[in-house]
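**Q** To be precise about what I am sending: the file is called upload_9.cif and holds mmCIF, C-alpha atoms and all ligand atoms.
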data_query
#
loop_
_atom_site.label_atom_id
_atom_site.label_comp_id
_atom_site.auth_asym_id
_atom_site.auth_seq_id
_atom_site.Cartn_x
_atom_site.Cartn_y
_atom_site.Cartn_z
CA MET A 1 22.84 120.51 231.75
CA LYS A 2 19.15 119.91 232.40
CA VAL A 3 17.46 120.01 228.98
CA ALA A 4 13.69 120.08 228.70
CA ILE A 5 12.45 118.27 225.60
CA CYS A 6 8.96 119.42 224.64
CA GLY A 7 7.34 116.56 222.76
CA ALA A 8 9.92 114.15 224.21
CA LEU A 9 8.01 110.95 223.43
CA GLY A 10 7.81 111.57 219.70
CA PHE A 11 9.92 110.47 216.77
CA VAL A 12 12.66 113.12 217.07
CA GLY A 13 12.32 113.88 220.81
CA THR A 14 13.11 110.31 221.87
CA ARG A 15 16.37 110.25 219.88
CA VAL A 16 17.43 113.64 221.21
CA ALA A 17 16.72 112.54 224.81
CA ARG A 18 18.73 109.35 224.26
CA ASP A 19 21.72 111.26 222.84
CA LEU A 20 21.65 113.98 225.50
CA ALA A 21 21.69 111.35 228.24
CA ALA A 22 24.57 109.52 226.52
CA ALA A 23 26.52 112.81 226.48
CA GLY A 24 26.05 113.22 230.24
CA HIS A 25 23.18 115.72 230.19
CA GLU A 26 19.93 115.38 232.10
CA PRO A 27 16.96 115.11 229.75
CA LEU A 28 13.68 116.32 231.22
CA LEU A 29 10.90 114.63 229.29
CA LEU A 30 7.81 116.77 228.65
CA ASP A 31 4.83 115.42 226.74
CA VAL A 32 1.04 115.49 226.80
CA ALA A 33 0.87 111.74 226.30
CA PRO A 34 1.78 109.57 229.28
CA ARG A 35 3.35 106.95 227.04
CA SER A 36 4.26 106.34 223.43
CA PRO A 37 4.16 103.41 221.00
CA HIS A 38 7.88 104.00 220.40
CA PRO A 39 9.98 101.34 222.21
CA LEU A 40 12.71 103.91 222.92
CA ALA A 41 10.19 106.05 224.81
CA GLU A 42 9.51 103.21 227.24
CA VAL A 43 13.25 102.97 227.99
CA LEU A 44 13.54 106.72 228.51
CA LEU A 45 10.51 106.84 230.80
CA ARG A 46 12.14 104.27 233.08
CA ARG A 47 15.39 106.24 233.30
CA HIS A 48 14.59 109.95 233.23
CA GLU A 49 12.26 112.49 234.80
CA PHE A 50 8.95 112.78 232.98
CA ARG A 51 6.52 115.66 233.48
CA ARG A 52 3.19 115.29 231.80
CA CYS A 53 2.03 118.66 230.51
CA ASP A 54 -0.15 120.30 227.91
CA LEU A 55 1.94 122.93 226.16
CA THR A 56 -1.18 124.73 224.95
CA ASP A 57 -1.81 125.59 228.60
CA PRO A 58 0.50 128.37 229.89
CA MET A 59 0.43 127.30 233.54
CA SER A 60 1.02 123.63 232.75
CA THR A 61 3.96 124.66 230.55
CA ARG A 62 5.42 126.97 233.20
CA ILE A 63 5.31 124.24 235.86
CA ALA A 64 6.78 121.66 233.49
CA LEU A 65 9.75 123.84 232.53
CA ALA A 66 10.77 124.66 236.11
CA GLY A 67 14.50 124.09 236.57
CA ALA A 68 15.31 123.62 232.89
CA GLU A 69 18.56 125.18 231.67
CA ALA A 70 17.94 124.61 227.95
CA VAL A 71 14.97 123.61 225.81
CA PHE A 72 14.42 121.61 222.64
CA HIS A 73 10.92 122.36 221.37
CA ALA A 74 9.64 119.54 219.15
CA ALA A 75 5.91 119.30 219.95
CA ALA A 76 3.84 120.10 216.88
CA LEU A 77 1.14 118.79 214.62
CA GLY A 78 2.36 118.43 211.07
CA ALA A 79 1.56 118.13 207.43
CA LYS A 80 -0.05 114.70 207.88
CA VAL A 81 -2.87 115.96 210.11
CA GLU A 82 -3.30 119.68 209.40
CA ARG A 83 -6.10 119.18 206.88
CA GLU A 84 -8.29 117.30 209.35
CA ARG A 85 -7.23 119.35 212.37
CA PRO A 86 -6.39 122.88 211.21
CA TRP A 87 -7.35 124.64 214.44
CA GLU A 88 -5.42 122.21 216.63
CA THR A 89 -2.40 122.46 214.33
CA ALA A 90 -2.34 126.25 214.47
CA HIS A 91 -3.09 126.28 218.20
CA LEU A 92 -0.40 123.80 219.29
CA ASN A 93 2.24 124.97 216.84
CA LEU A 94 1.81 128.66 217.68
CA MET A 95 0.39 128.93 221.21
CA GLY A 96 2.38 125.89 222.37
CA LEU A 97 5.56 127.59 221.18
CA VAL A 98 4.61 130.96 222.72
CA ASN A 99 3.93 129.23 226.05
CA VAL A 100 7.31 127.49 225.88
CA LEU A 101 9.13 130.72 224.97
CA GLU A 102 7.37 132.60 227.77
CA ALA A 103 8.06 129.90 230.38
CA ALA A 104 11.68 129.68 229.19
CA ARG A 105 12.07 133.45 229.50
CA ARG A 106 10.67 133.43 233.04
CA GLU A 107 12.87 130.46 233.97
CA ARG A 108 15.87 132.37 232.59
CA VAL A 109 16.64 129.54 230.18
CA ALA A 110 19.66 130.59 228.12
CA ARG A 111 19.30 128.28 225.14
CA LEU A 112 16.41 127.10 222.99
CA VAL A 113 16.32 124.98 219.84
CA PHE A 114 13.12 125.07 217.79
CA ALA A 115 12.20 122.26 215.39
CA SER A 116 11.33 124.11 212.20
CA SER A 117 10.94 122.49 208.81
CA ALA A 118 11.86 122.59 205.14
CA VAL A 119 8.18 123.44 204.52
CA VAL A 120 9.14 127.11 204.97
CA TYR A 121 10.76 126.85 201.50
CA GLY A 122 7.40 125.95 199.92
CA ASP A 123 7.01 123.63 196.93
CA ARG A 124 10.36 123.97 195.17
CA ASP A 125 11.35 122.27 191.94
CA ALA A 126 14.89 123.47 191.40
CA THR A 127 18.16 121.61 191.19
CA ALA A 128 19.94 124.27 193.29
CA PRO A 129 19.86 123.55 197.02
CA VAL A 130 17.71 125.69 199.33
CA ALA A 131 19.72 128.09 201.46
CA GLU A 132 18.75 129.91 204.64
CA THR A 133 19.34 133.21 202.85
CA ASP A 134 16.71 132.38 200.18
CA PRO A 135 13.54 134.48 200.48
CA ARG A 136 10.82 132.62 202.36
CA PRO A 137 7.75 132.33 200.08
CA ALA A 138 4.21 132.97 201.37
CA ALA A 139 3.08 129.87 203.22
CA GLY A 140 0.84 127.52 201.24
CA THR A 141 -0.31 125.48 204.24
CA ILE A 142 -1.21 126.08 207.86
CA TYR A 143 1.70 123.91 208.96
CA ALA A 144 4.16 125.98 206.89
CA ALA A 145 2.66 129.21 208.25
CA THR A 146 3.14 128.03 211.83
CA LYS A 147 6.78 127.08 211.20
CA ALA A 148 7.56 130.43 209.53
CA ALA A 149 5.86 132.34 212.35
CA GLY A 150 7.56 130.08 214.89
CA GLU A 151 10.99 130.97 213.52
CA ASP A 152 10.09 134.68 213.78
CA LEU A 153 8.87 134.27 217.37
CA VAL A 154 12.09 132.51 218.36
CA ALA A 155 14.13 135.30 216.76
CA ALA A 156 11.99 137.99 218.42
CA TYR A 157 12.37 136.46 221.90
CA GLY A 158 16.12 136.39 221.24
CA ALA A 159 16.16 140.02 220.17
CA GLN A 160 14.05 141.30 223.06
CA PHE A 161 15.11 139.00 225.88
CA ALA A 162 18.19 136.98 226.82
CA LEU A 163 16.70 133.81 225.35
CA HIS A 164 19.00 132.77 222.55
CA GLY A 165 17.28 130.42 220.17
CA VAL A 166 17.96 128.80 216.85
CA SER A 167 15.48 127.29 214.41
CA LEU A 168 16.55 124.08 212.71
CA ARG A 169 14.89 123.47 209.37
CA PHE A 170 14.65 119.71 209.24
CA MET A 171 14.37 118.27 205.75
CA ASN A 172 12.44 114.94 205.36
CA VAL A 173 13.27 113.07 208.54
CA TYR A 174 13.06 109.28 208.27
CA GLY A 175 13.81 106.32 210.50
CA TYR A 176 11.92 103.67 212.41
CA GLN A 177 8.43 104.75 213.49
CA PRO A 178 5.95 102.29 214.99
CA ALA A 179 2.70 101.93 213.04
CA ALA A 180 0.72 103.37 215.96
CA MET A 181 2.49 106.74 215.82
CA LEU A 182 0.30 109.59 214.65
CA GLN A 183 2.59 111.27 212.11
CA ARG A 184 4.53 108.74 210.07
CA GLU A 185 6.88 109.44 207.23
CA LEU A 186 7.06 107.90 203.76
CA THR A 187 9.91 105.46 204.48
CA ALA A 188 8.10 103.92 207.45
CA ARG A 189 4.92 103.47 205.42
CA VAL A 190 6.75 101.95 202.45
CA LEU A 191 8.71 99.59 204.70
CA GLU A 192 5.60 98.39 206.52
CA ARG A 193 3.92 97.40 203.27
CA VAL A 194 7.00 95.63 201.94
CA GLU A 195 7.52 93.73 205.19
CA ALA A 196 3.85 92.72 205.10
CA GLY A 197 4.37 91.32 201.56
CA GLU A 198 2.28 94.10 199.96
CA PRO A 199 3.56 96.12 196.98
CA PRO A 200 4.70 99.63 197.93
CA LEU A 201 2.53 102.43 196.54
CA ILE A 202 3.88 105.30 194.48
CA PHE A 203 1.49 108.21 193.95
CA GLY A 204 2.12 110.00 190.66
CA ASP A 205 5.23 109.22 188.63
CA GLY A 206 7.51 109.07 191.69
CA THR A 207 9.92 111.71 190.42
CA ALA A 208 9.25 114.14 193.31
CA SER A 209 12.57 114.34 195.11
CA PHE A 210 13.36 115.19 198.70
CA ASP A 211 16.31 115.45 201.05
CA PHE A 212 15.85 112.40 203.29
CA VAL A 213 17.79 112.81 206.53
CA HIS A 214 18.03 110.04 209.12
CA VAL A 215 16.57 110.81 212.54
CA ASP A 216 19.89 109.94 214.25
CA ASP A 217 21.63 112.64 212.22
CA VAL A 218 18.83 115.05 213.11
CA ALA A 219 19.24 114.28 216.82
CA ARG A 220 22.97 114.95 216.54
CA ALA A 221 22.27 118.32 214.91
CA VAL A 222 19.90 119.23 217.76
CA CYS A 223 22.53 118.33 220.39
CA LEU A 224 25.17 120.40 218.57
CA ALA A 225 22.73 123.30 218.32
CA LEU A 226 21.93 123.14 222.06
CA ALA A 227 25.66 123.37 222.82
CA SER A 228 26.26 126.22 220.35
CA ASP A 229 25.37 129.89 220.43
CA ALA A 230 23.99 129.84 216.88
CA THR A 231 20.92 131.96 216.15
CA GLY A 232 18.64 132.42 213.14
CA ALA A 233 17.71 129.43 210.98
CA LEU A 234 19.85 126.49 209.86
CA ASN A 235 19.11 123.65 207.45
CA VAL A 236 19.44 120.08 208.67
CA GLY A 237 19.75 117.83 205.65
CA THR A 238 22.13 115.78 203.57
CA GLY A 239 22.30 118.06 200.52
CA VAL A 240 21.21 115.12 198.32
CA ALA A 241 17.82 114.88 196.60
CA THR A 242 16.36 111.38 196.19
CA SER A 243 13.19 110.65 194.25
CA VAL A 244 10.33 108.68 195.76
CA ARG A 245 10.91 106.06 193.07
CA GLU A 246 14.58 105.70 194.10
CA LEU A 247 13.64 105.54 197.77
CA VAL A 248 11.14 102.75 197.15
CA ALA A 249 13.72 100.85 195.05
CA LEU A 250 16.23 101.15 197.91
CA VAL A 251 13.75 99.80 200.46
CA LEU A 252 12.98 96.86 198.15
CA ARG A 253 16.68 96.17 197.61
CA GLU A 254 17.67 96.42 201.28
CA THR A 255 14.79 94.22 202.43
CA GLY A 256 15.65 91.66 199.72
CA SER A 257 12.10 91.92 198.35
CA ALA A 258 11.09 90.94 194.83
CA LEU A 259 7.88 93.03 194.99
CA GLN A 260 7.19 95.66 192.33
CA PRO A 261 5.84 99.11 193.24
CA GLU A 262 2.23 99.92 192.34
CA HIS A 263 1.54 103.30 190.76
CA ARG A 264 -1.52 105.31 191.78
CA PRO A 265 -2.80 108.70 190.61
CA GLY A 266 -1.88 111.78 192.62
CA GLY A 267 1.49 112.67 194.02
CA GLY A 268 1.17 116.44 194.38
CA ALA A 269 3.29 119.18 192.87
CA ALA A 270 6.58 118.51 191.07
CA THR A 271 9.19 118.92 193.77
CA THR A 272 12.94 118.82 194.03
CA LEU A 273 14.18 119.93 197.40
CA ARG A 274 17.59 119.54 198.94
CA ALA A 275 19.41 121.51 201.59
CA ASP A 276 22.39 123.74 201.28
CA THR A 277 24.36 122.36 204.20
CA ALA A 278 27.12 124.99 204.41
CA ALA A 279 25.58 127.20 207.11
CA ALA A 280 24.97 124.33 209.56
CA ALA A 281 28.49 123.05 208.89
CA ALA A 282 29.94 126.47 209.65
CA ALA A 283 27.76 127.30 212.68
CA LEU A 284 27.50 123.85 214.30
CA GLY A 285 30.20 121.74 212.68
CA PHE A 286 27.32 119.55 211.53
CA ARG A 287 27.36 117.28 208.52
CA THR A 288 25.21 114.19 208.13
CA ALA A 289 27.02 110.88 208.66
CA ILE A 290 24.34 108.40 207.54
CA ASP A 291 23.69 107.98 203.83
CA LEU A 292 20.29 106.81 202.63
CA ALA A 293 21.21 103.15 202.11
CA GLU A 294 22.74 102.95 205.59
CA GLY A 295 19.76 104.81 207.10
CA ILE A 296 17.31 102.42 205.46
CA ARG A 297 19.30 99.45 206.79
CA ARG A 298 19.09 100.92 210.31
CA THR A 299 15.36 101.47 209.88
CA ILE A 300 14.83 97.88 208.74
CA THR A 301 16.89 96.53 211.66
CA GLU A 302 14.88 98.54 214.20
CA TYR A 303 11.60 97.61 212.53
CA ARG A 304 12.41 93.90 212.59
CA ALA A 305 13.60 94.09 216.22
CA ALA A 306 10.39 95.82 217.30
CA VAL A 307 7.84 93.85 215.30
CA GLU A 308 6.51 90.69 216.89
CA PRO A 309 7.87 87.66 215.04
CA ARG A 310 5.14 86.30 212.79
CA ALA A 311 3.83 82.83 213.47
CA ALA A 312 5.50 80.37 211.10
N1 LIG A 401 9.37 114.15 211.19
C1 LIG A 401 9.71 114.96 210.19
O1 LIG A 401 9.93 114.57 209.03
C2 LIG A 401 9.85 116.43 210.46
C3 LIG A 401 10.31 117.25 209.41
C4 LIG A 401 10.44 118.59 209.65
C5 LIG A 401 10.13 119.12 210.88
N2 LIG A 401 9.67 118.31 211.88
C6 LIG A 401 9.33 118.91 213.17
O2 LIG A 401 10.06 118.23 214.18
C7 LIG A 401 9.29 118.20 215.37
C8 LIG A 401 9.23 116.81 215.91
O3 LIG A 401 8.56 115.98 214.97
P1 LIG A 401 8.22 114.47 215.30
O4 LIG A 401 8.19 113.76 214.00
O5 LIG A 401 9.10 114.00 216.41
O6 LIG A 401 6.72 114.60 215.85
P2 LIG A 401 5.91 113.52 216.74
O7 LIG A 401 4.48 113.70 216.40
O8 LIG A 401 6.51 112.16 216.62
O9 LIG A 401 6.16 114.02 218.23
C9 LIG A 401 5.51 115.14 218.78
C10 LIG A 401 5.29 114.91 220.26
O10 LIG A 401 4.65 116.08 220.79
C11 LIG A 401 3.69 115.65 221.74
N3 LIG A 401 2.64 116.66 221.92
C12 LIG A 401 1.59 116.88 221.09
N4 LIG A 401 0.79 117.82 221.62
C13 LIG A 401 1.33 118.20 222.80
C14 LIG A 401 0.95 119.10 223.83
N5 LIG A 401 -0.18 119.83 223.73
N6 LIG A 401 1.74 119.21 224.92
C15 LIG A 401 2.88 118.45 225.03
N7 LIG A 401 3.28 117.57 224.11
C16 LIG A 401 2.52 117.45 222.99
C17 LIG A 401 3.13 114.34 221.16
O11 LIG A 401 2.51 113.55 222.17
C18 LIG A 401 4.39 113.71 220.57
O12 LIG A 401 5.01 112.83 221.49
C19 LIG A 401 7.94 118.82 215.03
O13 LIG A 401 7.95 120.17 215.44
C20 LIG A 401 7.87 118.73 213.54
O14 LIG A 401 7.06 119.75 213.00
C21 LIG A 401 9.53 116.98 211.69
#
Mind converting the file's structure to structure tokens?
Ligand SMILES: NC(=O)c1ccc[n+]([C@@H]2O[C@H](COP(=O)([O-])OP(=O)(O)OC[C@H]3O[C@@H](n4cnc5c(N)ncnc54)[C@H](O)[C@@H]3O)[C@@H](O)[C@H]2O)c1

**A**
Amino acid sequence: MKVAICGALGFVGTRVARDLAAAGHEPLLLDVAPRSPHPLAEVLLRRHEFRRCDLTDPMSTRIALAGAEAVFHAAALGAKVERERPWETAHLNLMGLVNVLEAARRERVARLVFASSAVVYGDRDATAPVAETDPRPAAGTIYAATKAAGEDLVAAYGAQFALHGVSLRFMNVYGYQPAAMLQRELTARVLERVEAGEPPLIFGDGTASFDFVHVDDVARAVCLALASDATGALNVGTGVATSVRELVALVLRETGSALQPEHRPGGGAATTLRADTAAAAAALGFRTAIDLAEGIRRTITEYRAAVEPRAA
């Protein structure tokens, strides 16, 4: 199957392209950037078809999607940049998606997977896991609003046209991300400081807890979703909440570092968020396979393989 990956050179897109190719599919790499700081992207660009396109442009999107049989839509601006670039965030996340849906409809693409996010659940501080059947609160950020609207657009295109889509609500995705990537997650930032011999920073008391899911598990969920006929929204997470403090302690332990974290003011709202994983298990047969300690070890291995050895 020829699968167009929109935002193919990013953190999640690269892993999905790698796994689709390994499963015998033909990944079609679509991205606005001609290259990426991610080492995996360089490998993919040598092996697979790449079409440079700007998904905010309808014609560019239509040309790029020609011949695709399925689509994974990952291109978006996220929580890390929305404050500085609100218009671009709204424009790419909404118009980019509409252009992809429209091009997919015209191409008679049968299957689409949309990268949604746990942000649609808002700031939760409850021990119970979040389930897809929970009411979606009013969005508190532009990013959250675009993901909620994106899910509705995917559902509407499914209801009105023969474009069957599913929205995957990724929890906190972590894994190796080069320093030059635009939108980097907490684990990557903590690891970089520790590897540089600098104490990791914890903003606030570090009790905010999230469902950290390794990017390789996320890529597997996307591949399962592409092969399924699931619709609606599905959580992609481990079901386990880990506090920032615990995460930092794990990074220190797994790197063998004796550094102590440094506490700074801030940290945001009290949060405890973890996924109810039952619906994804039932619809996709998906359960995560990588626990946090193993995922952090993988991240460290990839980081150390990619980073230039320091001069002795
Ligand atoms: N990383 C996470 O923790 C996380 C959590 C929840 C949801 N998500 C969602 O998963 C998706 C993938 O996230 P990611 O971390 O891989 O993001 P990323 O920033 O690493 O990758 C996005 C890619 O989209 C490309 N892109 C940007 N503008 C474009 C345009 N106009 N046309 C074509 N391509 C364009 C970028 O060049 C980049 O390669 C996003 O939709 C994100 O909102 C991510």

**Q** Closest to ligand LIG 401 (chain A) among A:Val236, A:Ala22, A:Ile63, A:Val3, using all atoms listed in the file?

**A**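 Using all atoms listed in the file, ligand LIG 401 (chain A) sits closest to A:Val236.
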
**Q** For a quick check of understanding, using all atoms listed in the file, which of A:Val166, A:Glu198, A:Asp205, A:Phe72 has the smallest distance to Ala283 in chain A?

**A**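 So, comparing all the options, the nearest one is A:Val166.
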
**Q** I'd like to know which of A:Leu77, A:Ala4, A:Ile290, A:Ala17 is closest to ligand LIG 401 (chain A), using all atoms listed in the file.

**A**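 Ranked by minimum distance to ligand LIG 401 (chain A), first place goes to A:Leu77.
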
**Q** Between CA of Asp54 in chain A and CA of Glu107 in chain A, what is the distance in Å, rounded to a tenth?

**A**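 Rounded to one decimal, the two atoms are 17.6 Å apart.
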
**Q** Within 6 Å of (0.4, 97.8, 192.8), in the coordinates the file gives, what residues turn up when you count all atoms listed in the file, written out as JSON, numbers by chain?

**A** {"A": [199, 261, 262, 263]}

**Q** Restrict the selected residues to C-alpha atoms and save them as a PDB file, keeping the file's coordinate frame.

**A**
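See selection-v1.pdb below for the written result:
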ATOM      1  CA  PRO A 199       3.560  96.120 196.980  1.00  0.00           C
ATOM      2  CA  PRO A 261       5.840  99.110 193.240  1.00  0.00           C
ATOM      3  CA  GLU A 262       2.230  99.920 192.340  1.00  0.00           C
ATOM      4  CA  HIS A 263       1.540 103.300 190.760  1.00  0.00           C
TER       5      HIS A 263
END

**Q** Centre and edge lengths, as lines of an AutoDock Vina configuration file, for the axis-aligned box enclosing every listed atom of ligand LIG 401 (chain A) with 8 Å of padding on each of the six sides, in Å to one decimal?

**A**
center_x = 5.1
center_y = 116.2
center_z = 217.0
size_x = 26.6
size_y = 24.0
size_z = 32.0

**Q** With a cut-off of 6 Å, could you pull out the residues of range 139-227 of chain A touching range 110-118 of chain A and give me the nearest pair of atoms for each, distance in Å to one decimal, using only C-alpha atoms, ordered by chain and ascending number, as a Markdown table?

**A**
| residue | atom | partner | partner_atom | distance |
| --- | --- | --- | --- | --- |
| A:Lys147 | CA | A:Ser116 | CA | 5.5 |
| A:Leu163 | CA | A:Ala110 | CA | 5.2 |
| A:His164 | CA | A:Arg111 | CA | 5.2 |
| A:Gly165 | CA | A:Leu112 | CA | 4.4 |
| A:Val166 | CA | A:Val113 | CA | 5.1 |
| A:Ser167 | CA | A:Phe114 | CA | 4.7 |
| A:Leu168 | CA | A:Ser116 | CA | 5.2 |
| A:Arg169 | CA | A:Ser117 | CA | 4.1 |
| A:Phe170 | CA | A:Ser117 | CA | 4.7 |
| A:Met171 | CA | A:Ala118 | CA | 5.0 |

**Q** From the list A:Arg297, A:Lys2, A:Leu250, A:Pro137, which residue is nearest Leu20 in chain A when using only C-alpha atoms?

**A**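 Residue with the minimum atom-to-atom distance to Leu20 in chain A: A:Lys2.
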
**Q** Could you work out how far CA of Gly175 in chain A lies from CA of Asp216 in chain A, giving the answer in Å with one decimal?

**A**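 Answer for the CA of Asp216 in chain A to CA of Gly175 in chain A separation: 8.0 Å.
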
**Q** Counting only C-alpha atoms, figure out which residue out of A:Val194, A:Val81, A:Ala269, A:Val251 gets nearest to Thr207 in chain A.

**A**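 Counting only C-alpha atoms, the residue closest to Thr207 in chain A is A:Ala269.
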
**Q** Tell me, in Å to one decimal, how far CA of Glu102 in chain A is from CA of Tyr157 in chain A.

**A**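 Result for CA of Glu102 in chain A versus CA of Tyr157 in chain A: 8.6 Å, one decimal.
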
**Q** At a cut-off of 9 Å around the point (7.3, 109.5, 203.7) (file coordinates), what residues fall inside when counting only C-alpha atoms? I'd like the answer as a VMD selection string.

**A** chain A and resid 172 to 174 184 to 190 244

**Q** Kindly export the residues of the current selection with C-alpha atoms, as a CSV table (one decimal), keeping the file's coordinate frame.

**A**
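Saved the output as again02.csv:
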chain,number,residue,atom,x,y,z
A,172,ASN,CA,12.4,114.9,205.4
A,173,VAL,CA,13.3,113.1,208.5
A,174,TYR,CA,13.1,109.3,208.3
A,184,ARG,CA,4.5,108.7,210.1
A,185,GLU,CA,6.9,109.4,207.2
A,186,LEU,CA,7.1,107.9,203.8
A,187,THR,CA,9.9,105.5,204.5
A,188,ALA,CA,8.1,103.9,207.4
A,189,ARG,CA,4.9,103.5,205.4
A,190,VAL,CA,6.8,102.0,202.4
A,244,VAL,CA,10.3,108.7,195.8

**Q** When distances are computed from all atoms listed in the file, which of A:Thr146, A:Thr133, A:Thr56, A:Thr301 shows the smallest separation from ligand LIG 401 (chain A)?

**A**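 Distance minimum relative to ligand LIG 401 (chain A) lands on A:Thr56.
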
**Q** So that I can check the surroundings of Glu132 in chain A, please list as a tab-separated table (two decimals) with C-alpha atoms, in the coordinates of the input every protein, DNA and RNA residue that reaches within 9 Å of it, counting all atoms listed in the file and ignoring chain neighbours fewer than 6 positions away.

**A**
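The file below, part_1.tsv, is the result:
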chain	number	residue	atom	x	y	z
A	169	ARG	CA	14.89	123.47	209.37
A	232	GLY	CA	18.64	132.42	213.14
A	233	ALA	CA	17.71	129.43	210.98
A	234	LEU	CA	19.85	126.49	209.86
A	235	ASN	CA	19.11	123.65	207.45
A	275	ALA	CA	19.41	121.51	201.59
A	276	ASP	CA	22.39	123.74	201.28
A	279	ALA	CA	25.58	127.20	207.11

**Q** Please, could N, CA and C atoms be added to range 80-98 of chain A and the result written as a PDB file, in the coordinates of the input?

**A**
ATOM      1  N   LYS A  80       0.801 115.879 208.036  1.00  0.00           N
ATOM      2  CA  LYS A  80      -0.050 114.700 207.880  1.00  0.00           C
ATOM      3  C   LYS A  80      -1.454 114.909 208.478  1.00  0.00           C
ATOM      4  N   VAL A  81      -1.575 115.834 209.420  1.00  0.00           N
ATOM      5  CA  VAL A  81      -2.870 115.960 210.110  1.00  0.00           C
ATOM      6  C   VAL A  81      -3.509 117.345 209.967  1.00  0.00           C
ATOM      7  N   GLU A  82      -2.794 118.302 209.379  1.00  0.00           N
ATOM      8  CA  GLU A  82      -3.300 119.680 209.400  1.00  0.00           C
ATOM      9  C   GLU A  82      -4.625 119.851 208.660  1.00  0.00           C
ATOM     10  N   ARG A  83      -4.862 119.042 207.629  1.00  0.00           N
ATOM     11  CA  ARG A  83      -6.100 119.180 206.880  1.00  0.00           C
ATOM     12  C   ARG A  83      -7.319 118.804 207.723  1.00  0.00           C
ATOM     13  N   GLU A  84      -7.174 117.742 208.508  1.00  0.00           N
ATOM     14  CA  GLU A  84      -8.290 117.300 209.350  1.00  0.00           C
ATOM     15  C   GLU A  84      -8.376 118.124 210.632  1.00  0.00           C
ATOM     16  N   ARG A  85      -7.249 118.671 211.070  1.00  0.00           N
ATOM     17  CA  ARG A  85      -7.230 119.350 212.370  1.00  0.00           C
ATOM     18  C   ARG A  85      -6.532 120.706 212.267  1.00  0.00           C
ATOM     19  N   PRO A  86      -7.089 121.601 211.411  1.00  0.00           N
ATOM     20  CA  PRO A  86      -6.390 122.880 211.210  1.00  0.00           C
ATOM     21  C   PRO A  86      -6.287 123.730 212.476  1.00  0.00           C
ATOM     22  N   TRP A  87      -7.380 123.794 213.234  1.00  0.00           N
ATOM     23  CA  TRP A  87      -7.350 124.640 214.440  1.00  0.00           C
ATOM     24  C   TRP A  87      -6.332 124.111 215.443  1.00  0.00           C
ATOM     25  N   GLU A  88      -6.365 122.793 215.657  1.00  0.00           N
ATOM     26  CA  GLU A  88      -5.420 122.210 216.630  1.00  0.00           C
ATOM     27  C   GLU A  88      -3.978 122.386 216.186  1.00  0.00           C
ATOM     28  N   THR A  89      -3.757 122.281 214.854  1.00  0.00           N
ATOM     29  CA  THR A  89      -2.400 122.460 214.330  1.00  0.00           C
ATOM     30  C   THR A  89      -1.912 123.880 214.616  1.00  0.00           C
ATOM     31  N   ALA A  90      -2.738 124.850 214.257  1.00  0.00           N
ATOM     32  CA  ALA A  90      -2.340 126.250 214.470  1.00  0.00           C
ATOM     33  C   ALA A  90      -2.176 126.522 215.968  1.00  0.00           C
ATOM     34  N   HIS A  91      -3.105 125.991 216.753  1.00  0.00           N
ATOM     35  CA  HIS A  91      -3.090 126.280 218.200  1.00  0.00           C
ATOM     36  C   HIS A  91      -1.854 125.698 218.877  1.00  0.00           C
ATOM     37  N   LEU A  92      -1.581 124.412 218.646  1.00  0.00           N
ATOM     38  CA  LEU A  92      -0.400 123.800 219.290  1.00  0.00           C
ATOM     39  C   LEU A  92       0.885 124.424 218.752  1.00  0.00           C
ATOM     40  N   ASN A  93       0.968 124.545 217.424  1.00  0.00           N
ATOM     41  CA  ASN A  93       2.240 124.970 216.840  1.00  0.00           C
ATOM     42  C   ASN A  93       2.564 126.429 217.179  1.00  0.00           C
ATOM     43  N   LEU A  94       1.536 127.250 217.350  1.00  0.00           N
ATOM     44  CA  LEU A  94       1.810 128.660 217.680  1.00  0.00           C
ATOM     45  C   LEU A  94       1.710 128.915 219.180  1.00  0.00           C
ATOM     46  N   MET A  95       0.549 128.627 219.774  1.00  0.00           N
ATOM     47  CA  MET A  95       0.390 128.930 221.210  1.00  0.00           C
ATOM     48  C   MET A  95       1.289 128.039 222.064  1.00  0.00           C
ATOM     49  N   GLY A  96       1.473 126.782 221.635  1.00  0.00           N
ATOM     50  CA  GLY A  96       2.380 125.890 222.370  1.00  0.00           C
ATOM     51  C   GLY A  96       3.787 126.482 222.389  1.00  0.00           C
ATOM     52  N   LEU A  97       4.226 126.991 221.253  1.00  0.00           N
ATOM     53  CA  LEU A  97       5.560 127.590 221.180  1.00  0.00           C
ATOM     54  C   LEU A  97       5.631 128.868 222.026  1.00  0.00           C
ATOM     55  N   VAL A  98       4.607 129.713 221.923  1.00  0.00           N
ATOM     56  CA  VAL A  98       4.610 130.960 222.720  1.00  0.00           C
ATOM     57  C   VAL A  98       4.673 130.614 224.213  1.00  0.00           C
TER      58      VAL A  98
END
